[in-house]
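Trainee: Contents of query_14.pdb (PDB, C-alpha atoms, pLDDT in the B column) are below:
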ATOM      1  CA  MET D 224     -24.832  -7.255   8.907  1.00 94.00           C
ATOM      2  CA  ASP D 225     -21.117  -6.496   8.641  1.00 95.00           C
ATOM      3  CA  PHE D 226     -19.855  -4.387   5.745  1.00 96.00           C
ATOM      4  CA  ARG D 227     -16.119  -4.987   5.772  1.00 94.00           C
ATOM      5  CA  LEU D 228     -13.829  -3.081   3.446  1.00 95.00           C
ATOM      6  CA  GLU D 229     -11.364  -5.742   2.353  1.00 96.00           C
ATOM      7  CA  LEU D 230     -10.029  -4.697  -1.063  1.00 97.00           C
ATOM      8  CA  VAL D 231      -9.012  -1.346  -2.540  1.00 97.00           C
ATOM      9  CA  GLN D 232      -7.908  -0.885  -6.137  1.00 97.00           C
ATOM     10  CA  VAL D 233      -4.670   1.012  -6.660  1.00 98.00           C
ATOM     11  CA  PRO D 234      -4.106   2.109 -10.274  1.00 98.00           C
ATOM     12  CA  VAL D 235      -0.609   1.541 -11.642  1.00 98.00           C
ATOM     13  CA  SER D 236       0.999   1.984 -15.059  1.00 98.00           C
ATOM     14  CA  ASP D 237       3.357  -1.014 -14.914  1.00 98.00           C
ATOM     15  CA  VAL D 238       2.024  -4.025 -13.015  1.00 98.00           C
ATOM     16  CA  ASP D 239       5.354  -5.850 -12.752  1.00 98.00           C
ATOM     17  CA  ARG D 240       7.171  -2.735 -11.466  1.00 98.00           C
ATOM     18  CA  ALA D 241       4.402  -2.122  -8.907  1.00 98.00           C
ATOM     19  CA  LEU D 242       4.365  -5.798  -7.904  1.00 98.00           C
ATOM     20  CA  ASP D 243       8.122  -5.669  -7.291  1.00 98.00           C
ATOM     21  CA  PHE D 244       7.739  -2.490  -5.207  1.00 98.00           C
ATOM     22  CA  TYR D 245       4.890  -3.750  -3.049  1.00 98.00           C
ATOM     23  CA  VAL D 246       6.396  -7.200  -2.416  1.00 98.00           C
ATOM     24  CA  ASN D 247      10.144  -6.530  -2.269  1.00 98.00           C
ATOM     25  CA  ARG D 248      10.172  -3.023  -0.831  1.00 98.00           C
ATOM     26  CA  ALA D 249       6.921  -2.447   1.046  1.00 98.00           C
ATOM     27  CA  GLY D 250       6.802  -6.057   2.306  1.00 98.00           C
ATOM     28  CA  PHE D 251       3.272  -6.916   1.151  1.00 98.00           C
ATOM     29  CA  ALA D 252       2.321 -10.570   0.582  1.00 98.00           C
ATOM     30  CA  LEU D 253       1.393 -11.641  -2.938  1.00 98.00           C
ATOM     31  CA  ASP D 254      -2.004 -13.348  -2.659  1.00 98.00           C
ATOM     32  CA  HIS D 255      -2.972 -13.728  -6.326  1.00 96.00           C
ATOM     33  CA  ASP D 256      -1.552 -12.919  -9.754  1.00 98.00           C
ATOM     34  CA  HIS D 257      -3.928 -14.067 -12.487  1.00 97.00           C
ATOM     35  CA  ASP D 258      -4.192 -13.231 -16.168  1.00 96.00           C
ATOM     36  CA  VAL D 259      -7.891 -13.853 -16.650  1.00 93.00           C
ATOM     37  CA  GLY D 260      -7.837 -13.094 -20.371  1.00 94.00           C
ATOM     38  CA  GLY D 261      -9.297 -10.302 -22.413  1.00 95.00           C
ATOM     39  CA  GLY D 262      -6.614  -7.857 -21.272  1.00 94.00           C
ATOM     40  CA  VAL D 263      -7.381  -8.329 -17.594  1.00 97.00           C
ATOM     41  CA  ARG D 264      -4.691  -9.168 -15.055  1.00 98.00           C
ATOM     42  CA  PHE D 265      -5.639  -9.231 -11.375  1.00 98.00           C
ATOM     43  CA  VAL D 266      -2.974  -9.001  -8.658  1.00 98.00           C
ATOM     44  CA  GLN D 267      -3.957  -8.969  -4.981  1.00 98.00           C
ATOM     45  CA  LEU D 268      -1.472  -7.937  -2.289  1.00 98.00           C
ATOM     46  CA  THR D 269      -1.857  -7.732   1.490  1.00 98.00           C
ATOM     47  CA  PRO D 270       0.185  -5.652   3.938  1.00 98.00           C
ATOM     48  CA  PRO D 271       1.663  -7.669   6.839  1.00 96.00           C
ATOM     49  CA  GLY D 272      -0.990  -8.268   9.503  1.00 96.00           C
ATOM     50  CA  SER D 273      -3.763  -6.534   7.578  1.00 97.00           C
ATOM     51  CA  PRO D 274      -7.273  -7.905   7.030  1.00 96.00           C
ATOM     52  CA  ALA D 275      -7.575  -5.674   3.932  1.00 97.00           C
ATOM     53  CA  SER D 276      -5.743  -5.992   0.632  1.00 98.00           C
ATOM     54  CA  ILE D 277      -5.036  -3.939  -2.472  1.00 98.00           C
ATOM     55  CA  ALA D 278      -5.574  -4.907  -6.097  1.00 98.00           C
ATOM     56  CA  ILE D 279      -3.337  -3.793  -8.935  1.00 98.00           C
ATOM     57  CA  GLY D 280      -3.481  -4.977 -12.494  1.00 97.00           C
ATOM     58  CA  GLU D 281      -4.506  -4.341 -16.057  1.00 96.00           C
ATOM     59  CA  GLY D 282      -8.035  -3.737 -17.218  1.00 95.00           C
ATOM     60  CA  LEU D 283      -9.391  -3.345 -13.690  1.00 94.00           C
ATOM     61  CA  SER D 284     -10.238   0.318 -13.504  1.00 91.00           C
ATOM     62  CA  GLY D 285     -10.436   3.578 -15.384  1.00 94.00           C
ATOM     63  CA  MET D 286      -8.554   5.408 -12.627  1.00 97.00           C
ATOM     64  CA  ARG D 287      -5.398   7.233 -13.646  1.00 98.00           C
ATOM     65  CA  PRO D 288      -2.188   5.554 -12.377  1.00 98.00           C
ATOM     66  CA  GLY D 289      -0.859   7.393  -9.348  1.00 97.00           C
ATOM     67  CA  SER D 290      -4.177   9.093  -8.577  1.00 98.00           C
ATOM     68  CA  VAL D 291      -4.876   7.413  -5.221  1.00 98.00           C
ATOM     69  CA  GLU D 292      -3.960   9.307  -2.063  1.00 97.00           C
ATOM     70  CA  GLY D 293      -4.719   8.738   1.582  1.00 95.00           C
ATOM     71  CA  LEU D 294      -4.133   5.003   1.795  1.00 97.00           C
ATOM     72  CA  GLN D 295      -3.253   4.410   5.430  1.00 97.00           C
ATOM     73  CA  LEU D 296      -1.535   1.647   7.327  1.00 98.00           C
ATOM     74  CA  VAL D 297      -1.555   1.567  11.145  1.00 97.00           C
ATOM     75  CA  VAL D 298       1.383   0.298  13.209  1.00 98.00           C
ATOM     76  CA  THR D 299       2.268   0.086  16.889  1.00 97.00           C
ATOM     77  CA  ASP D 300       5.847   1.397  16.467  1.00 98.00           C
ATOM     78  CA  ILE D 301       6.419   4.160  13.925  1.00 98.00           C
ATOM     79  CA  GLU D 302      10.199   4.155  14.358  1.00 98.00           C
ATOM     80  CA  ALA D 303      10.421   0.426  13.618  1.00 98.00           C
ATOM     81  CA  ALA D 304       8.041   0.782  10.660  1.00 98.00           C
ATOM     82  CA  ARG D 305      10.089   3.638   9.207  1.00 98.00           C
ATOM     83  CA  ASP D 306      13.340   1.718   9.706  1.00 98.00           C
ATOM     84  CA  GLU D 307      11.884  -1.374   8.019  1.00 97.00           C
ATOM     85  CA  LEU D 308      10.593   0.547   5.010  1.00 98.00           C
ATOM     86  CA  ALA D 309      13.805   2.544   4.614  1.00 98.00           C
ATOM     87  CA  GLY D 310      15.860  -0.627   5.015  1.00 98.00           C
ATOM     88  CA  ARG D 311      13.902  -2.202   2.152  1.00 97.00           C
ATOM     89  CA  GLY D 312      14.700   0.780  -0.100  1.00 97.00           C
ATOM     90  CA  VAL D 313      11.438   2.727   0.200  1.00 98.00           C
ATOM     91  CA  ALA D 314      11.829   6.511   0.021  1.00 98.00           C
ATOM     92  CA  VAL D 315       9.989   7.226   3.259  1.00 98.00           C
ATOM     93  CA  SER D 316       9.572  10.579   4.993  1.00 98.00           C
ATOM     94  CA  GLU D 317      10.872  11.531   8.383  1.00 98.00           C
ATOM     95  CA  ILE D 318       8.453  11.007  11.271  1.00 98.00           C
ATOM     96  CA  ALA D 319       5.800  13.716  11.599  1.00 98.00           C
ATOM     97  CA  ASP D 320       4.018  14.219  14.912  1.00 98.00           C
ATOM     98  CA  PHE D 321       0.386  15.358  14.984  1.00 96.00           C
ATOM     99  CA  PRO D 322      -2.147  15.432  17.832  1.00 96.00           C
ATOM    100  CA  TRP D 323      -3.892  12.395  16.248  1.00 94.00           C
ATOM    101  CA  GLY D 324      -0.797  10.286  15.694  1.00 97.00           C
ATOM    102  CA  ARG D 325       2.751   9.907  14.474  1.00 98.00           C
ATOM    103  CA  PHE D 326       3.164   9.414  10.729  1.00 98.00           C
ATOM    104  CA  VAL D 327       5.557   8.605   7.928  1.00 98.00           C
ATOM    105  CA  PHE D 328       4.655   8.882   4.259  1.00 98.00           C
ATOM    106  CA  PHE D 329       5.725   7.143   1.067  1.00 98.00           C
ATOM    107  CA  SER D 330       4.548   6.662  -2.512  1.00 98.00           C
ATOM    108  CA  ASP D 331       4.640   3.753  -4.914  1.00 98.00           C
ATOM    109  CA  PRO D 332       6.483   4.171  -8.253  1.00 98.00           C
ATOM    110  CA  ASP D 333       3.382   5.751  -9.852  1.00 98.00           C
ATOM    111  CA  GLY D 334       2.863   8.224  -7.012  1.00 98.00           C
ATOM    112  CA  ASN D 335      -0.033   6.570  -5.174  1.00 98.00           C
ATOM    113  CA  GLY D 336       0.312   8.016  -1.675  1.00 98.00           C
ATOM    114  CA  TRP D 337       0.529   6.044   1.540  1.00 98.00           C
ATOM    115  CA  ALA D 338       0.544   7.137   5.182  1.00 98.00           C
ATOM    116  CA  VAL D 339       1.746   4.962   8.036  1.00 98.00           C
ATOM    117  CA  GLN D 340       0.270   5.950  11.409  1.00 98.00           C
ATOM    118  CA  GLN D 341       1.054   5.129  14.981  1.00 98.00           C
ATOM    119  CA  ILE D 342      -1.993   6.128  17.016  1.00 95.00           C
ATOM    120  CA  VAL D 343      -1.048   7.995  20.166  1.00 88.00           C
TER     121      VAL D 343
END
What is this file in structure tokens?

Mentor:
Amino acid sequence: MDFRLELVQVPVSDVDRALDFYVNRAGFALDHDHDVGGGVRFVQLTPPGSPASIAIGEGLSGMRPGSVEGLQLVVTDIEAARDELAGRGVAVSEIADFPWGRFVFFSDPDGNGWAVQQIV
């Protein structure tokens, strides 16, 4: 039996602002954007090449916007990933080298924290 993690909720305060950030700056693909009624809007986004997605929206969760930390993307070339994010207007950190990988960090407009890792 496989138990695959394929969707993580990311709480945001302004869905349209977050949608613009994730699609136009972070380069995620927009998979779904549905107003299902009753104050619920479900937006699913997938990072390039990833089997897992994130969900943002309204009425999905009681989590405080900006409260998620430790979301991690893995790349094969940290310099190229940093250049791409910075070129799209993402405020991304300088490259940090650790024994377990090379990293850059960024946050969405609400402060949800992302790490991008190149495994060494």

Trainee: Once the PyMOL selection byres ((chain D and resi 323-337) around 7) has been applied to the shown file, what residues remain in the selection, as a ChimeraX atom specification?

Mentor: /D:235-236,241,244,288-295,301,305,314-322,338-343

Trainee: Considering only C-alpha atoms, can you say which of D:Ala275, D:Met286, D:Val246, D:Val266 comes closest to Arg227 in chain D?

Mentor: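 Looking only at the distances to Arg227 in chain D, the closest residue turns out to be D:Ala275.
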
Trainee: For the PyMOL selection byres ((chain D and resi 233) around 7), applied here, can you spell out every residue it catches as a ChimeraX atom specification?

Mentor: /D:231-232,234-235,277-279,291

Trainee: Apply the PyMOL selection byres ((chain D and resi 254) around 10) to the displayed file and report the matching residues as a ChimeraX atom specification.

Mentor: /D:251-253,255-256,266-269,276-278

Trainee: Would you work out the distance separating CA of Ala249 in chain D from CA of Arg311 in chain D, expressed in Å to one decimal?

Mentor: 7.1 Å

Trainee: So how many Å separate CA of Val313 in chain D and CA of Asp300 in chain D, to one decimal?

Mentor: 17.3 Å

Trainee: At what distance in Å, to one decimal, does CA of Arg248 in chain D lie from CA of Gly312 in chain D?

Mentor: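 Computed distance, CA of Gly312 in chain D to CA of Arg248 in chain D, equals 6.0 Å.
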
Trainee: Counting only C-alpha atoms, which residue out of D:Ser284, D:Val238, D:Pro271, D:Gly262 sits closest to Val298 in chain D?

Mentor: D:Pro271

Trainee: Skipping near chain neighbours, those fewer than 3 positions away, what residues fall within 7 Å of Val263 in chain D using all atoms listed in the file, listed as a PyMOL selection string?

Mentor: chain D and resi 258-260+281-283

Trainee: Can you work out which one of D:Gly272, D:Phe265, D:Met224, D:Gly280 has the shortest atom-to-atom distance to Asp237 in chain D, counting all atoms listed in the file?

Mentor: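 Once distances to Asp237 in chain D are computed over all atoms listed in the file, the minimum belongs to D:Gly280.
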